[in-house]
Amino acid sequence: MLQTIKENLTFIFVTLAVFAGLVLLAMLAEKTLIREKRKLEPARYVAYMAMFTALAGVLMLIEIPLVFVAPDFYELDLSEIPVLICTFSMGPTAGVVCEFLKVVLKLLLKGTSTAFVGDFANFVVGCSFVLPASVIYNTRRTFKRAVISLVAGGLTMTVFGSLFNAVYLIPAFAKLYGAPIDAILGMAQKVNPHVNSVYGMAALCVAPFNLIKAVVVSAVTLPLYKRVKKLIKMDQ
């Protein structure tokens, strides 16, 4: 029991440390790379953050397996859409905070079925999309730059998410469920018979999954943000 408590506390500490590191990185990017700062009154900042977090948390509950690309435990959710709109409107730091809070909200509403491993992965991989996209867009806020930022963020998430799965997530799930790696690879081979290793699974299953998610999220975010941007400008 003491060992379990120790492992849980270590995991919580690591999660908070990663969150703090990403917030500091976002704040540094805002300070050094973004000349035109977004300024909102504290009350409005909190209100917008609560709105975007609530939308993202609810969307995170709706998961769609893409069984033609990856095993069914990889499920597509569209929670990055409100987070991207939030970070485009309010800056990189707001995006990282919103990404973290949406996971917390999802845990409060639904709990976890992966001993927080999947939730931690959702946060980290989500930030690999949101943070670079936000920094690129906020350096020059044009439609063309928005497209470039979403492409760059999507590619970053695809590469980082695949490596993160190979190095951490797949082994962590194998340990969590007491299943040999071969069993997980067997599930991936049913989708793509060319999978023969953890890195092969990441390249042939996880990468296409992340790429599809990036395309879908980006395609929805662009028209929605254009409308939300006008509303926020009117409010300011």
# chains A, B, ... in the order shown; residues from 1 in each chain; ligands from 1
call {"tool": "residues_around", "arguments": {"residues": "Gly126 in chain A", "least_positions_apart": "5", "cutoff": "10 Å", "atoms": "only C-alpha atoms", "output": "PyMOL selection string"}}
result
chain A and resi 79-80+83-84+95-96+99-100+120-121+131+153-154+157+161
call {"tool": "residues_around", "arguments": {"residues": "Ala29 in chain A", "least_positions_apart": "6", "cutoff": "9 Å", "atoms": "only C-alpha atoms", "output": "list in words"}}
result
Pro92, Thr93 and Val135 of chain A
call {"tool": "write_last_selection", "arguments": {"atoms": "C-alpha atoms", "output": "compact mmCIF listing (two decimals), in the first residue's frame"}}
result
# COMPACT_ATOMS: atom_id res chain seq x y z
CA PRO A 92 -0.01 30.66 -25.27
CA THR A 93 -0.16 30.65 -21.46
CA VAL A 135 3.11 31.05 -30.55
call {"tool": "select_by_dssp", "arguments": {"residues": "chain A", "states": "helix (DSSP H, G or I)", "output": "PyMOL selection string"}}
result
chain A and resi 2-33+42-60+80-90+92-110+117-139+143-176+181-191+198-235
call {"tool": "closest_atom_pairs", "arguments": {"of": "range 20-71 of chain A", "to": "range 104-118 of chain A", "cutoff": "12 Å", "atoms": "only C-alpha atoms", "output": "CSV"}}
result
residue,atom,partner,partner_atom,distance
A:Ala50,CA,A:Leu105,CA,10.5
A:Phe52,CA,A:Leu105,CA,11.5
A:Thr53,CA,A:Leu105,CA,7.8
A:Ala54,CA,A:Leu105,CA,7.5
A:Leu55,CA,A:Leu105,CA,10.1
A:Ala56,CA,A:Lys106,CA,8.8
A:Gly57,CA,A:Lys106,CA,5.2
A:Val58,CA,A:Lys106,CA,7.2
A:Leu59,CA,A:Lys106,CA,9.1
A:Met60,CA,A:Lys106,CA,6.7
A:Leu61,CA,A:Lys106,CA,6.8
A:Ile62,CA,A:Lys106,CA,10.5
call {"tool": "write_last_selection", "arguments": {"atoms": "C-alpha atoms", "output": "compact mmCIF listing (two decimals), in the first residue's frame"}}
result
# COMPACT_ATOMS: atom_id res chain seq x y z
CA ALA A 50 -14.11 29.03 -17.69
CA PHE A 52 -13.46 27.47 -23.06
CA THR A 53 -12.53 24.94 -20.36
CA ALA A 54 -16.15 23.85 -19.94
CA LEU A 55 -16.56 23.34 -23.69
CA ALA A 56 -13.29 21.43 -23.94
CA GLY A 57 -14.07 19.27 -20.90
CA VAL A 58 -17.45 18.25 -22.32
CA LEU A 59 -16.01 17.53 -25.77
CA MET A 60 -13.35 15.37 -24.14
CA LEU A 61 -16.13 13.06 -22.91
CA ILE A 62 -17.14 12.32 -26.52
call {"tool": "select_by_dssp", "arguments": {"residues": "range 16-199 of chain A", "states": "strand (DSSP E or B)", "output": "list in words"}}
result
Ile64, Pro65, Glu75 and Leu76 of chain A
call {"tool": "residues_around", "arguments": {"residues": "Ala207 in chain A", "least_positions_apart": "4", "cutoff": "9 Å", "atoms": "only C-alpha atoms", "output": "list of chain:residue names"}}
result
A:Met157, A:Thr158, A:Val159, A:Gly161, A:Ser162, A:Leu163, A:Met201, A:Ala202, A:Ala203, A:Leu211, A:Ile212
call {"tool": "residues_around", "arguments": {"residues": "Asp182 in chain A", "least_positions_apart": "5", "cutoff": "12 Å", "atoms": "only C-alpha atoms", "output": "NGL selection string"}}
result
:A and (170-171 or 174 or 187-189 or 195-198 or 201)
call {"tool": "atom_distance", "arguments": {"atom1": "CA of Ser149 in chain A", "atom2": "CA of Glu41 in chain A"}}
result
26.5 Å
call {"tool": "atom_distance", "arguments": {"atom1": "CA of Ile85 in chain A", "atom2": "CA of Tyr225 in chain A"}}
result
5.6 Å
call {"tool": "residues_around", "arguments": {"residues": "Phe209 in chain A", "least_positions_apart": "3", "cutoff": "10 Å", "atoms": "only C-alpha atoms", "output": "PDB file with C-alpha atoms, in the first residue's frame"}}
result
ATOM      1  CA  PRO A  65     -12.433   5.211 -32.056  1.00  0.00           C
ATOM      2  CA  LEU A  66     -10.755   5.214 -35.462  1.00  0.00           C
ATOM      3  CA  VAL A  67     -10.541   1.445 -35.826  1.00  0.00           C
ATOM      4  CA  PHE A  68      -9.411   1.668 -39.452  1.00  0.00           C
ATOM      5  CA  VAL A  69      -6.225   3.466 -38.340  1.00  0.00           C
ATOM      6  CA  ALA A  70      -5.371   2.385 -34.782  1.00  0.00           C
ATOM      7  CA  PRO A  71      -6.554  -0.072 -32.078  1.00  0.00           C
ATOM      8  CA  TYR A  74      -7.082   5.163 -29.301  1.00  0.00           C
ATOM      9  CA  GLU A  75     -10.123   7.437 -29.435  1.00  0.00           C
ATOM     10  CA  LEU A  76     -10.549  10.758 -31.183  1.00  0.00           C
ATOM     11  CA  THR A 158       2.013  13.949 -34.953  1.00  0.00           C
ATOM     12  CA  GLY A 161       2.760  12.133 -30.007  1.00  0.00           C
ATOM     13  CA  SER A 162       4.132   9.147 -31.902  1.00  0.00           C
ATOM     14  CA  ALA A 202       3.798   4.416 -33.322  1.00  0.00           C
ATOM     15  CA  ALA A 203       4.698   5.111 -36.951  1.00  0.00           C
ATOM     16  CA  LEU A 204       1.956   3.089 -38.654  1.00  0.00           C
ATOM     17  CA  CYS A 205      -0.946   3.534 -36.229  1.00  0.00           C
ATOM     18  CA  VAL A 206      -0.373   6.428 -33.828  1.00  0.00           C
ATOM     19  CA  ILE A 212      -6.259  12.758 -38.772  1.00  0.00           C
ATOM     20  CA  LYS A 213      -7.035  14.423 -35.450  1.00  0.00           C
ATOM     21  CA  ALA A 214      -4.931  17.458 -36.403  1.00  0.00           C
TER      22      ALA A 214
END
call {"tool": "closest_residue", "arguments": {"among": "A:Val124, A:Ile64, A:Ala146, A:Val18", "to": "Phe164 in chain A", "atoms": "only C-alpha atoms"}}
result
A:Val124
